[in-house]
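Text of upload-v1.cif, listed as mmCIF, C-alpha atoms:
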```
data_protein
#
loop_
_atom_site.label_atom_id
_atom_site.label_comp_id
_atom_site.auth_asym_id
_atom_site.auth_seq_id
_atom_site.Cartn_x
_atom_site.Cartn_y
_atom_site.Cartn_z
CA MET A 1 -25.61 198.22 270.84
CA ASP A 2 -27.20 196.30 273.70
CA ILE A 3 -28.85 193.29 272.05
CA ARG A 4 -31.54 193.52 274.75
CA ASP A 5 -32.78 196.78 273.17
CA GLN A 6 -33.33 194.97 269.91
CA LYS A 7 -35.16 192.09 271.60
CA LEU A 8 -37.34 194.44 273.64
CA ALA A 9 -38.28 196.45 270.56
CA GLN A 10 -39.19 193.26 268.70
CA LEU A 11 -41.26 191.97 271.65
CA ILE A 12 -43.29 195.18 271.88
CA THR A 13 -43.64 195.75 268.13
CA GLN A 14 -44.55 192.16 267.22
CA TYR A 15 -46.38 190.95 270.36
CA SER A 16 -47.53 193.87 272.52
CA VAL A 17 -48.94 196.26 269.91
CA ASN A 18 -48.73 193.87 266.94
CA VAL A 19 -47.84 196.42 264.27
CA GLN A 20 -49.43 195.57 260.92
CA PRO A 21 -48.55 196.79 257.41
CA GLY A 22 -49.89 200.29 256.92
CA ASP A 23 -50.28 201.09 260.62
CA LYS A 24 -49.43 204.65 261.64
CA VAL A 25 -47.15 204.34 264.69
CA VAL A 26 -46.09 207.08 267.11
CA ILE A 27 -42.89 206.43 269.05
CA ARG A 28 -42.92 208.87 271.99
CA SER A 29 -39.76 208.97 274.04
CA GLY A 30 -37.32 210.94 276.11
CA ALA A 31 -34.16 211.89 274.24
CA LEU A 32 -31.98 209.65 276.44
CA ALA A 33 -33.63 206.51 275.07
CA GLU A 34 -32.17 206.96 271.57
CA PRO A 35 -30.56 203.46 271.41
CA LEU A 36 -33.92 201.78 272.14
CA VAL A 37 -35.89 204.21 269.96
CA LYS A 38 -33.62 203.40 267.03
CA GLU A 39 -34.48 199.70 267.42
CA PHE A 40 -38.20 200.53 267.60
CA TYR A 41 -37.92 202.57 264.42
CA LYS A 42 -36.29 199.68 262.58
CA ALA A 43 -38.77 197.15 263.99
CA VAL A 44 -41.81 199.20 262.93
CA LEU A 45 -40.40 199.58 259.42
CA ALA A 46 -39.72 195.84 259.24
CA ALA A 47 -43.37 195.20 260.18
CA GLY A 48 -44.59 197.46 257.36
CA GLY A 49 -45.71 200.32 259.60
CA HIS A 50 -45.22 204.07 259.25
CA PRO A 51 -43.18 205.30 262.26
CA ILE A 52 -43.03 208.90 263.44
CA LEU A 53 -40.90 210.12 266.35
CA TRP A 54 -42.22 212.29 269.18
CA THR A 55 -39.11 213.21 271.14
CA GLU A 56 -39.29 214.87 274.56
CA TYR A 57 -36.41 216.76 276.15
CA PRO A 58 -35.73 216.86 279.91
CA TRP A 59 -36.11 220.63 280.12
CA GLU A 60 -39.40 220.94 278.21
CA ALA A 61 -41.96 220.51 280.98
CA GLU A 62 -39.82 222.32 283.56
CA ILE A 63 -39.57 225.49 281.44
CA MET A 64 -43.18 225.39 280.25
CA LEU A 65 -44.74 224.87 283.70
CA GLY A 66 -42.25 227.15 285.40
CA SER A 67 -42.28 230.07 282.95
CA GLY A 68 -45.27 229.67 280.64
CA SER A 69 -48.62 231.37 281.07
CA GLU A 70 -51.76 229.36 281.76
CA ALA A 71 -52.80 229.84 278.14
CA GLN A 72 -49.48 228.33 277.06
CA TYR A 73 -49.20 225.32 279.38
CA THR A 74 -52.83 224.29 278.84
CA TYR A 75 -52.58 224.58 275.05
CA ILE A 76 -52.62 221.30 273.11
CA HIS A 77 -51.14 221.32 269.64
CA LYS A 78 -53.19 219.81 266.83
CA PRO A 79 -50.53 217.23 265.87
CA VAL A 80 -50.61 215.88 269.44
CA GLU A 81 -54.41 215.66 269.38
CA ASN A 82 -54.10 213.91 266.02
CA PHE A 83 -51.73 211.27 267.39
CA TYR A 84 -54.28 210.17 270.00
CA ALA A 85 -57.36 210.63 267.80
CA THR A 86 -56.26 208.98 264.53
CA TYR A 87 -53.07 206.91 264.85
CA ASP A 88 -53.16 203.11 265.12
CA ARG A 89 -50.31 202.43 267.55
CA LEU A 90 -48.58 204.42 270.28
CA ILE A 91 -45.31 203.25 271.83
CA ARG A 92 -44.07 205.32 274.75
CA VAL A 93 -40.60 205.02 276.29
CA LEU A 94 -39.95 206.71 279.63
CA ALA A 95 -36.40 208.09 279.85
CA GLU A 96 -35.86 210.85 282.42
CA ASP A 97 -32.56 212.34 283.52
CA ASN A 98 -34.05 213.89 286.67
CA THR A 99 -37.25 212.58 288.23
CA LYS A 100 -37.44 215.53 290.66
CA ASN A 101 -37.15 218.42 288.21
CA LEU A 102 -40.82 219.37 288.56
CA ASN A 103 -40.99 219.25 292.36
CA SER A 104 -40.87 223.03 292.70
CA ILE A 105 -43.77 223.60 290.28
CA ASP A 106 -46.79 225.12 292.03
CA SER A 107 -49.49 222.51 292.75
CA ASP A 108 -52.21 224.72 291.27
CA VAL A 109 -50.30 224.98 288.00
CA TYR A 110 -49.96 221.21 287.84
CA THR A 111 -53.66 220.77 288.56
CA ARG A 112 -54.67 223.11 285.72
CA PHE A 113 -52.17 221.43 283.39
CA THR A 114 -53.64 218.01 284.22
CA GLN A 115 -57.20 219.25 283.74
CA SER A 116 -56.33 220.49 280.26
CA ARG A 117 -55.21 216.97 279.26
CA GLY A 118 -58.43 215.31 280.45
CA PRO A 119 -60.23 215.24 277.08
CA MET A 120 -57.15 213.80 275.39
CA MET A 121 -56.95 211.06 278.06
CA ASN A 122 -60.60 210.22 277.42
CA THR A 123 -59.94 209.99 273.67
CA TYR A 124 -57.13 207.47 273.90
CA MET A 125 -58.81 205.38 276.60
CA ASP A 126 -62.05 205.22 274.63
CA ARG A 127 -60.26 204.37 271.37
CA THR A 128 -58.27 201.70 273.20
CA ALA A 129 -61.45 200.18 274.61
CA ARG A 130 -62.93 200.03 271.09
CA GLY A 131 -59.79 198.38 269.70
CA GLU A 132 -58.97 201.34 267.45
CA LEU A 133 -55.71 202.19 269.23
CA ARG A 134 -53.13 199.84 270.72
CA TRP A 135 -50.50 201.37 272.95
CA ALA A 136 -47.57 200.20 275.02
CA LEU A 137 -45.48 201.80 277.73
CA THR A 138 -41.95 200.81 278.67
CA LEU A 139 -38.83 202.36 280.21
CA TYR A 140 -35.22 202.90 279.24
CA PRO A 141 -32.72 202.62 282.12
CA THR A 142 -31.20 205.99 283.03
CA ASN A 143 -29.08 207.21 285.92
CA ALA A 144 -32.10 209.03 287.36
CA TYR A 145 -34.16 205.83 287.64
CA ALA A 146 -31.16 203.90 288.95
CA GLN A 147 -30.57 206.48 291.69
CA ASP A 148 -34.24 206.41 292.70
CA ALA A 149 -34.01 202.62 292.99
CA ASP A 150 -30.72 202.76 294.97
CA MET A 151 -28.88 200.86 292.24
CA SER A 152 -25.95 201.40 289.92
CA LEU A 153 -26.88 202.00 286.27
CA ASP A 154 -25.67 198.55 285.21
CA GLU A 155 -27.56 196.89 288.06
CA TYR A 156 -30.70 198.81 287.21
CA ALA A 157 -30.42 197.98 283.50
CA ASP A 158 -30.25 194.28 284.40
CA PHE A 159 -33.30 194.73 286.64
CA VAL A 160 -35.26 196.44 283.85
CA TYR A 161 -34.48 193.96 281.09
CA ASN A 162 -34.95 190.93 283.36
CA ALA A 163 -38.36 192.25 284.47
CA CYS A 164 -39.42 192.91 280.87
CA MET A 165 -38.00 189.70 279.43
CA PRO A 166 -37.47 187.07 282.18
CA ASP A 167 -36.76 184.58 279.38
CA GLN A 168 -34.71 186.58 276.90
CA ASN A 169 -34.42 183.61 274.56
CA ASP A 170 -38.21 183.36 274.22
CA PRO A 171 -39.85 186.50 275.68
CA VAL A 172 -43.10 185.99 273.77
CA GLY A 173 -43.42 182.40 274.98
CA TYR A 174 -42.81 183.51 278.56
CA TRP A 175 -45.57 186.12 278.49
CA ARG A 176 -47.99 183.72 276.82
CA GLY A 177 -47.46 181.40 279.79
CA VAL A 178 -48.18 184.27 282.19
CA SER A 179 -51.31 185.04 280.20
CA GLU A 180 -52.60 181.50 280.57
CA ARG A 181 -52.04 181.43 284.35
CA GLN A 182 -53.68 184.79 284.91
CA GLU A 183 -56.60 183.92 282.67
CA ARG A 184 -57.57 181.13 285.09
CA ILE A 185 -57.93 183.70 287.88
CA VAL A 186 -59.85 186.08 285.61
CA LYS A 187 -62.30 183.30 284.73
CA TRP A 188 -62.77 182.43 288.42
CA LEU A 189 -63.59 186.08 289.17
CA LYS A 190 -66.16 186.33 286.38
CA GLY A 191 -69.64 186.87 287.82
CA LYS A 192 -68.41 187.58 291.35
CA LYS A 193 -69.82 190.58 293.21
CA ASN A 194 -68.02 191.71 296.35
CA VAL A 195 -64.37 192.15 297.38
CA HIS A 196 -63.03 192.60 300.92
CA LEU A 197 -59.40 193.72 301.31
CA LEU A 198 -57.54 193.34 304.61
CA GLY A 199 -54.00 194.44 305.43
CA LYS A 200 -51.96 196.61 307.76
CA GLY A 201 -54.04 199.73 308.33
CA THR A 202 -56.38 198.59 305.54
CA ASP A 203 -59.98 197.39 305.58
CA LEU A 204 -61.79 198.05 302.30
CA ARG A 205 -64.93 196.73 300.67
CA LEU A 206 -65.92 197.27 297.06
CA SER A 207 -68.25 195.87 294.44
CA ILE A 208 -67.13 194.29 291.16
CA GLU A 209 -70.62 193.27 290.09
CA GLY A 210 -70.97 193.41 286.32
CA ARG A 211 -67.32 194.41 285.85
CA ASN A 212 -64.60 192.72 283.80
CA PHE A 213 -61.14 191.78 285.06
CA ILE A 214 -58.44 192.44 282.49
CA ASN A 215 -55.53 190.03 282.04
CA CYS A 216 -52.39 192.18 281.79
CA ASP A 217 -49.90 189.98 279.96
CA CYS A 218 -47.38 192.40 278.41
CA ARG A 219 -49.76 193.84 275.85
CA VAL A 220 -49.79 197.39 277.26
CA ASN A 221 -47.26 197.83 280.08
CA ILE A 222 -43.83 196.32 279.66
CA PRO A 223 -43.00 194.79 282.10
CA ASP A 224 -46.42 193.53 283.05
CA GLY A 225 -48.06 191.17 285.49
CA GLU A 226 -51.39 192.20 287.00
CA ILE A 227 -55.12 191.70 286.75
CA PHE A 228 -57.40 194.70 287.17
CA THR A 229 -60.94 195.95 287.00
CA GLY A 230 -62.91 199.13 287.58
CA PRO A 231 -64.90 198.89 290.83
CA VAL A 232 -68.53 199.98 290.88
CA GLU A 233 -68.18 203.73 291.26
CA ASP A 234 -70.14 204.25 294.48
CA SER A 235 -69.10 201.03 296.22
CA MET A 236 -65.74 201.67 297.90
CA GLU A 237 -66.06 201.77 301.70
CA GLY A 238 -63.43 201.73 304.45
CA HIS A 239 -59.84 202.86 304.85
CA VAL A 240 -56.43 202.10 303.39
CA SER A 241 -52.82 202.82 304.33
CA PHE A 242 -50.46 202.61 301.38
CA SER A 243 -47.21 200.77 302.05
CA TYR A 244 -45.00 202.65 299.64
CA PRO A 245 -44.52 206.27 298.63
CA THR A 246 -46.96 207.16 295.88
CA ILE A 247 -45.51 209.21 293.04
CA TYR A 248 -47.43 211.35 290.57
CA HIS A 249 -45.71 213.37 287.86
CA GLY A 250 -42.45 213.09 289.79
CA ARG A 251 -43.88 214.34 293.10
CA GLU A 252 -43.36 211.82 295.91
CA VAL A 253 -46.08 211.60 298.55
CA THR A 254 -45.39 209.31 301.53
CA GLY A 255 -47.54 207.81 304.26
CA VAL A 256 -50.78 208.20 302.30
CA GLN A 257 -53.96 207.21 304.13
CA LEU A 258 -57.41 207.44 302.57
CA GLU A 259 -60.92 206.92 303.90
CA PHE A 260 -63.82 206.13 301.56
CA LYS A 261 -67.57 206.47 301.78
CA LYS A 262 -69.89 205.65 298.90
CA GLY A 263 -66.95 205.35 296.53
CA ARG A 264 -65.31 208.69 297.25
CA VAL A 265 -62.36 209.84 299.32
CA VAL A 266 -63.80 211.69 302.32
CA LYS A 267 -60.55 211.95 304.27
CA ALA A 268 -56.95 212.01 303.03
CA SER A 269 -53.62 212.53 304.76
CA ALA A 270 -49.92 212.08 304.05
CA ASP A 271 -46.67 212.38 305.99
CA LYS A 272 -44.97 214.23 303.13
CA ASN A 273 -46.43 216.47 300.39
CA GLU A 274 -49.93 216.33 301.84
CA GLU A 275 -50.86 219.64 300.18
CA PHE A 276 -50.04 218.17 296.76
CA LEU A 277 -52.18 215.11 297.55
CA LEU A 278 -55.17 217.22 298.59
CA LYS A 279 -54.97 219.55 295.60
CA THR A 280 -54.57 216.67 293.15
CA ILE A 281 -57.64 214.80 294.42
CA ASP A 282 -59.60 218.02 293.93
CA THR A 283 -58.52 218.29 290.28
CA ASP A 284 -62.10 217.64 289.21
CA GLU A 285 -65.30 215.94 290.36
CA GLY A 286 -64.04 212.45 289.59
CA ALA A 287 -60.58 212.69 291.15
CA ARG A 288 -61.80 211.47 294.57
CA GLY A 289 -63.31 208.34 293.03
CA VAL A 290 -61.62 205.04 292.17
CA GLY A 291 -61.13 204.01 288.56
CA GLU A 292 -59.04 200.88 289.03
CA PHE A 293 -58.50 198.01 291.47
CA ALA A 294 -55.65 195.62 290.62
CA ILE A 295 -53.58 192.74 291.97
CA GLY A 296 -49.85 192.66 291.15
CA THR A 297 -48.60 189.26 290.00
CA ASN A 298 -45.00 189.72 288.78
CA GLU A 299 -42.90 187.57 291.11
CA GLY A 300 -39.77 188.87 289.39
CA ILE A 301 -40.40 192.33 290.86
CA GLN A 302 -39.99 192.19 294.62
CA ARG A 303 -38.46 195.55 295.52
CA PHE A 304 -39.77 199.09 295.42
CA THR A 305 -37.96 201.28 292.87
CA ARG A 306 -40.01 204.51 292.85
CA GLN A 307 -41.10 203.78 289.28
CA ILE A 308 -44.80 202.95 289.06
CA LEU A 309 -44.41 200.99 285.81
CA PHE A 310 -42.55 198.36 287.86
CA ASP A 311 -43.83 198.93 291.39
CA GLU A 312 -47.52 198.40 290.62
CA LYS A 313 -46.64 194.89 289.36
CA ILE A 314 -44.91 193.79 292.61
CA GLY A 315 -45.97 190.21 293.27
CA GLY A 316 -47.91 190.19 296.55
CA SER A 317 -49.39 193.68 296.27
CA PHE A 318 -52.60 195.36 295.25
CA HIS A 319 -53.03 198.85 293.90
CA MET A 320 -55.84 201.21 293.16
CA ALA A 321 -56.01 204.28 290.98
CA LEU A 322 -57.87 207.42 291.92
CA GLY A 323 -59.66 209.10 289.03
CA LYS A 324 -60.20 207.83 285.51
CA GLY A 325 -61.14 204.19 284.91
CA TYR A 326 -60.51 202.01 281.87
CA PRO A 327 -63.72 201.58 279.84
CA GLU A 328 -62.82 197.99 278.86
CA SER A 329 -63.20 197.00 282.54
CA GLY A 330 -66.73 198.39 282.61
CA SER A 331 -65.68 201.49 284.53
CA VAL A 332 -67.45 204.75 283.82
CA ALA A 333 -65.26 206.77 286.21
CA GLN A 334 -64.23 210.07 284.61
CA SER A 335 -61.37 212.35 285.63
CA ALA A 336 -58.28 214.06 284.25
CA ILE A 337 -56.12 212.08 286.71
CA HIS A 338 -55.26 208.41 287.03
CA TRP A 339 -53.07 208.04 290.14
CA ASP A 340 -51.89 204.55 291.12
CA MET A 341 -51.18 203.79 294.79
CA ILE A 342 -49.71 200.50 296.06
CA CYS A 343 -50.32 198.39 299.18
CA ASP A 344 -48.18 195.36 300.18
CA LEU A 345 -50.16 192.26 301.20
CA ARG A 346 -47.25 189.87 301.80
CA ASP A 347 -47.40 190.11 305.59
CA GLY A 348 -50.83 188.92 306.64
CA GLY A 349 -52.88 190.58 303.88
CA GLN A 350 -56.00 188.93 302.51
CA ILE A 351 -58.44 189.36 299.64
CA TRP A 352 -61.88 187.82 300.05
CA VAL A 353 -64.32 187.57 297.12
CA ASP A 354 -67.94 186.71 297.83
CA ASP A 355 -66.82 185.35 301.23
CA GLN A 356 -64.23 183.05 299.64
CA LEU A 357 -60.52 183.56 300.35
CA LEU A 358 -58.80 184.34 297.03
CA TYR A 359 -55.46 185.70 298.19
CA GLU A 360 -53.37 185.49 301.37
CA ASN A 361 -49.88 186.68 302.26
CA GLY A 362 -49.29 187.76 298.66
CA LYS A 363 -50.32 184.46 297.03
CA PHE A 364 -53.42 183.21 295.27
CA VAL A 365 -54.98 180.35 297.23
CA ILE A 366 -57.49 179.62 294.44
CA GLU A 367 -55.93 178.74 291.10
CA GLY A 368 -59.10 178.89 289.02
#
```

Could I get this file's structure written as structure tokens?
Amino acid sequence: MDIRDQKLAQLITQYSVNVQPGDKVVIRSGALAEPLVKEFYKAVLAAGGHPILWTEYPWEAEIMLGSGSEAQYTYIHKPVENFYATYDRLIRVLAEDNTKNLNSIDSDVYTRFTQSRGPMMNTYMDRTARGELRWALTLYPTNAYAQDADMSLDEYADFVYNACMPDQNDPVGYWRGVSERQERIVKWLKGKKNVHLLGKGTDLRLSIEGRNFINCDCRVNIPDGEIFTGPVEDSMEGHVSFSYPTIYHGREVTGVQLEFKKGRVVKASADKNEEFLLKTIDTDEGARGVGEFAIGTNEGIQRFTRQILFDEKIGGSFHMALGKGYPESGSVAQSAIHWDMICDLRDGGQIWVDDQLLYENGKFVIEG
């Protein structure tokens, strides 16, 4: 047993989702994460919760989307609906053995599959915003993720655990310190109205008037390290060039450039997989809107690994998500998609808020 699995399970169970006696807890995971899932199961029991396992196999989605009829791949089983609609805690562990196994799936099939999950996404986001559901997402190191990151498995495992628990002797204390530092920035942003983003190939303006910035301090994503909000839905104007490949359901799209008018994408292009990009942003009426604007703050994550759970936290970056917004931020953006895209600001990038410089070259210049 890797003692780090035990510590990570305890961090997430006790601090991130704070399992209480009597809580119904879903542990959703890929089959490869069994060592970590076992520690979660024990930790939930120790906290007095009622754990249930939702195990996913690598071949499931590939066979369903490749061979199933539309009626089959859009069908949602009642137990799955029940997990999101009635359970108290949801812990999800990513653990893929092949991150490219869905690349040959037709884009139209993926779009219809995503549309069918829209109501379920709305349920868990709304319940989360009301405090009825607490959920956490983490990752178990596999060879597939290591290969994507150009690392050996051992090297990647060290990267994962060090990003999740920079202080493995006191992981909770570490993240409480992060929370305090980020909260100063959140308080400074309270009541502000306008944001202007500048970077290579990027000049964007958006409104945050009346919106809340959320302090991401290892309560939901593990690892964490960001602050985010939902921009006013019709406010995004300008253009952006994303620094890194943007990956959605395993499909890698590179060289993405977007142009916005009145909060919606009016022009989109990509160097690779442009057709997938265009079809995905036409999933539904809200897919061309922006549901999230965020600043990555995790200085322990400095390299791109092709895993959004880590990459969106890169210290010195910002990201936005097309589609659905988080209600707790004040966003009312609705869509079946939520697609994060990342832009590096460490080389000359700036973020201005109400004509005050907040961020330059990947660093906050105002500490709150």

Give one line per residue of range 142-217 of chain A that approaches range 223-235 of chain A to at most 12 Å, naming the two atoms of the closest pair and their distance in Å to one decimal, counting only C-alpha atoms; sort by chain then ascending residue number and deliver it as JSON lines.
```
{"residue": "A:Phe159", "atom": "CA", "partner": "A:Pro223", "partner_atom": "CA", "distance": 10.7}
{"residue": "A:Val160", "atom": "CA", "partner": "A:Pro223", "partner_atom": "CA", "distance": 8.1}
{"residue": "A:Tyr161", "atom": "CA", "partner": "A:Pro223", "partner_atom": "CA", "distance": 8.6}
{"residue": "A:Asn162", "atom": "CA", "partner": "A:Pro223", "partner_atom": "CA", "distance": 9.0}
{"residue": "A:Ala163", "atom": "CA", "partner": "A:Pro223", "partner_atom": "CA", "distance": 5.8}
{"residue": "A:Cys164", "atom": "CA", "partner": "A:Pro223", "partner_atom": "CA", "distance": 4.2}
{"residue": "A:Met165", "atom": "CA", "partner": "A:Pro223", "partner_atom": "CA", "distance": 7.6}
{"residue": "A:Pro166", "atom": "CA", "partner": "A:Pro223", "partner_atom": "CA", "distance": 9.5}
{"residue": "A:Pro171", "atom": "CA", "partner": "A:Pro223", "partner_atom": "CA", "distance": 10.9}
{"residue": "A:Tyr174", "atom": "CA", "partner": "A:Asp224", "partner_atom": "CA", "distance": 11.6}
{"residue": "A:Trp175", "atom": "CA", "partner": "A:Asp224", "partner_atom": "CA", "distance": 8.7}
{"residue": "A:Arg176", "atom": "CA", "partner": "A:Gly225", "partner_atom": "CA", "distance": 11.4}
{"residue": "A:Gly177", "atom": "CA", "partner": "A:Gly225", "partner_atom": "CA", "distance": 11.3}
{"residue": "A:Val178", "atom": "CA", "partner": "A:Gly225", "partner_atom": "CA", "distance": 7.6}
{"residue": "A:Ser179", "atom": "CA", "partner": "A:Gly225", "partner_atom": "CA", "distance": 8.7}
{"residue": "A:Glu180", "atom": "CA", "partner": "A:Gly225", "partner_atom": "CA", "distance": 11.8}
{"residue": "A:Arg181", "atom": "CA", "partner": "A:Gly225", "partner_atom": "CA", "distance": 10.6}
{"residue": "A:Gln182", "atom": "CA", "partner": "A:Ile227", "partner_atom": "CA", "distance": 7.3}
{"residue": "A:Glu183", "atom": "CA", "partner": "A:Ile227", "partner_atom": "CA", "distance": 8.9}
{"residue": "A:Arg184", "atom": "CA", "partner": "A:Ile227", "partner_atom": "CA", "distance": 11.0}
{"residue": "A:Ile185", "atom": "CA", "partner": "A:Ile227", "partner_atom": "CA", "distance": 8.6}
{"residue": "A:Val186", "atom": "CA", "partner": "A:Ile227", "partner_atom": "CA", "distance": 7.4}
{"residue": "A:Lys187", "atom": "CA", "partner": "A:Ile227", "partner_atom": "CA", "distance": 11.2}
{"residue": "A:Leu189", "atom": "CA", "partner": "A:Thr229", "partner_atom": "CA", "distance": 10.4}
{"residue": "A:Lys190", "atom": "CA", "partner": "A:Thr229", "partner_atom": "CA", "distance": 11.0}
{"residue": "A:Lys192", "atom": "CA", "partner": "A:Pro231", "partner_atom": "CA", "distance": 11.9}
{"residue": "A:Lys193", "atom": "CA", "partner": "A:Val232", "partner_atom": "CA", "distance": 9.8}
{"residue": "A:Asn194", "atom": "CA", "partner": "A:Ser235", "partner_atom": "CA", "distance": 9.4}
{"residue": "A:Val195", "atom": "CA", "partner": "A:Pro231", "partner_atom": "CA", "distance": 9.4}
{"residue": "A:His196", "atom": "CA", "partner": "A:Ser235", "partner_atom": "CA", "distance": 11.4}
{"residue": "A:Leu204", "atom": "CA", "partner": "A:Ser235", "partner_atom": "CA", "distance": 10.0}
{"residue": "A:Arg205", "atom": "CA", "partner": "A:Ser235", "partner_atom": "CA", "distance": 7.5}
{"residue": "A:Leu206", "atom": "CA", "partner": "A:Ser235", "partner_atom": "CA", "distance": 5.0}
{"residue": "A:Ser207", "atom": "CA", "partner": "A:Val232", "partner_atom": "CA", "distance": 5.4}
{"residue": "A:Ile208", "atom": "CA", "partner": "A:Pro231", "partner_atom": "CA", "distance": 5.1}
{"residue": "A:Glu209", "atom": "CA", "partner": "A:Val232", "partner_atom": "CA", "distance": 7.1}
{"residue": "A:Gly210", "atom": "CA", "partner": "A:Val232", "partner_atom": "CA", "distance": 8.4}
{"residue": "A:Arg211", "atom": "CA", "partner": "A:Thr229", "partner_atom": "CA", "distance": 6.7}
{"residue": "A:Asn212", "atom": "CA", "partner": "A:Thr229", "partner_atom": "CA", "distance": 5.8}
{"residue": "A:Phe213", "atom": "CA", "partner": "A:Thr229", "partner_atom": "CA", "distance": 4.6}
{"residue": "A:Ile214", "atom": "CA", "partner": "A:Phe228", "partner_atom": "CA", "distance": 5.3}
{"residue": "A:Asn215", "atom": "CA", "partner": "A:Ile227", "partner_atom": "CA", "distance": 5.0}
{"residue": "A:Cys216", "atom": "CA", "partner": "A:Glu226", "partner_atom": "CA", "distance": 5.3}
{"residue": "A:Asp217", "atom": "CA", "partner": "A:Asp224", "partner_atom": "CA", "distance": 5.9}
```

Could you dump the residues just selected with C-alpha atoms as a PDB file, in the coordinates of the input?
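As a result, result.pdb now contains:
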```pdb
ATOM      1  CA  PHE A 159     -33.300 194.730 286.640  1.00  0.00           C
ATOM      2  CA  VAL A 160     -35.260 196.440 283.850  1.00  0.00           C
ATOM      3  CA  TYR A 161     -34.480 193.960 281.090  1.00  0.00           C
ATOM      4  CA  ASN A 162     -34.950 190.930 283.360  1.00  0.00           C
ATOM      5  CA  ALA A 163     -38.360 192.250 284.470  1.00  0.00           C
ATOM      6  CA  CYS A 164     -39.420 192.910 280.870  1.00  0.00           C
ATOM      7  CA  MET A 165     -38.000 189.700 279.430  1.00  0.00           C
ATOM      8  CA  PRO A 166     -37.470 187.070 282.180  1.00  0.00           C
ATOM      9  CA  PRO A 171     -39.850 186.500 275.680  1.00  0.00           C
ATOM     10  CA  TYR A 174     -42.810 183.510 278.560  1.00  0.00           C
ATOM     11  CA  TRP A 175     -45.570 186.120 278.490  1.00  0.00           C
ATOM     12  CA  ARG A 176     -47.990 183.720 276.820  1.00  0.00           C
ATOM     13  CA  GLY A 177     -47.460 181.400 279.790  1.00  0.00           C
ATOM     14  CA  VAL A 178     -48.180 184.270 282.190  1.00  0.00           C
ATOM     15  CA  SER A 179     -51.310 185.040 280.200  1.00  0.00           C
ATOM     16  CA  GLU A 180     -52.600 181.500 280.570  1.00  0.00           C
ATOM     17  CA  ARG A 181     -52.040 181.430 284.350  1.00  0.00           C
ATOM     18  CA  GLN A 182     -53.680 184.790 284.910  1.00  0.00           C
ATOM     19  CA  GLU A 183     -56.600 183.920 282.670  1.00  0.00           C
ATOM     20  CA  ARG A 184     -57.570 181.130 285.090  1.00  0.00           C
ATOM     21  CA  ILE A 185     -57.930 183.700 287.880  1.00  0.00           C
ATOM     22  CA  VAL A 186     -59.850 186.080 285.610  1.00  0.00           C
ATOM     23  CA  LYS A 187     -62.300 183.300 284.730  1.00  0.00           C
ATOM     24  CA  LEU A 189     -63.590 186.080 289.170  1.00  0.00           C
ATOM     25  CA  LYS A 190     -66.160 186.330 286.380  1.00  0.00           C
ATOM     26  CA  LYS A 192     -68.410 187.580 291.350  1.00  0.00           C
ATOM     27  CA  LYS A 193     -69.820 190.580 293.210  1.00  0.00           C
ATOM     28  CA  ASN A 194     -68.020 191.710 296.350  1.00  0.00           C
ATOM     29  CA  VAL A 195     -64.370 192.150 297.380  1.00  0.00           C
ATOM     30  CA  HIS A 196     -63.030 192.600 300.920  1.00  0.00           C
ATOM     31  CA  LEU A 204     -61.790 198.050 302.300  1.00  0.00           C
ATOM     32  CA  ARG A 205     -64.930 196.730 300.670  1.00  0.00           C
ATOM     33  CA  LEU A 206     -65.920 197.270 297.060  1.00  0.00           C
ATOM     34  CA  SER A 207     -68.250 195.870 294.440  1.00  0.00           C
ATOM     35  CA  ILE A 208     -67.130 194.290 291.160  1.00  0.00           C
ATOM     36  CA  GLU A 209     -70.620 193.270 290.090  1.00  0.00           C
ATOM     37  CA  GLY A 210     -70.970 193.410 286.320  1.00  0.00           C
ATOM     38  CA  ARG A 211     -67.320 194.410 285.850  1.00  0.00           C
ATOM     39  CA  ASN A 212     -64.600 192.720 283.800  1.00  0.00           C
ATOM     40  CA  PHE A 213     -61.140 191.780 285.060  1.00  0.00           C
ATOM     41  CA  ILE A 214     -58.440 192.440 282.490  1.00  0.00           C
ATOM     42  CA  ASN A 215     -55.530 190.030 282.040  1.00  0.00           C
ATOM     43  CA  CYS A 216     -52.390 192.180 281.790  1.00  0.00           C
ATOM     44  CA  ASP A 217     -49.900 189.980 279.960  1.00  0.00           C
TER      45      ASP A 217
END
```

Hits of the PyMOL selection byres ((chain A and resi 338) around 9) in this structure, as an mmCIF file with C-alpha atoms, in the frame of the given file:
```
data_model
loop_
_atom_site.group_PDB
_atom_site.id
_atom_site.type_symbol
_atom_site.label_atom_id
_atom_site.label_comp_id
_atom_site.auth_asym_id
_atom_site.auth_seq_id
_atom_site.Cartn_x
_atom_site.Cartn_y
_atom_site.Cartn_z
ATOM 1 C CA ALA A 287 -60.580 212.690 291.150
ATOM 2 C CA VAL A 290 -61.620 205.040 292.170
ATOM 3 C CA GLY A 291 -61.130 204.010 288.560
ATOM 4 C CA GLU A 292 -59.040 200.880 289.030
ATOM 5 C CA ALA A 321 -56.010 204.280 290.980
ATOM 6 C CA LEU A 322 -57.870 207.420 291.920
ATOM 7 C CA GLY A 323 -59.660 209.100 289.030
ATOM 8 C CA LYS A 324 -60.200 207.830 285.510
ATOM 9 C CA GLY A 325 -61.140 204.190 284.910
ATOM 10 C CA SER A 335 -61.370 212.350 285.630
ATOM 11 C CA ALA A 336 -58.280 214.060 284.250
ATOM 12 C CA ILE A 337 -56.120 212.080 286.710
ATOM 13 C CA TRP A 339 -53.070 208.040 290.140
ATOM 14 C CA ASP A 340 -51.890 204.550 291.120
#
```

>> What's the separation between CA of Cys218 in chain A and CA of Gly250 in chain A, in Å to one decimal place?
In response: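 Computing it gives 24.1 Å between the two atoms.
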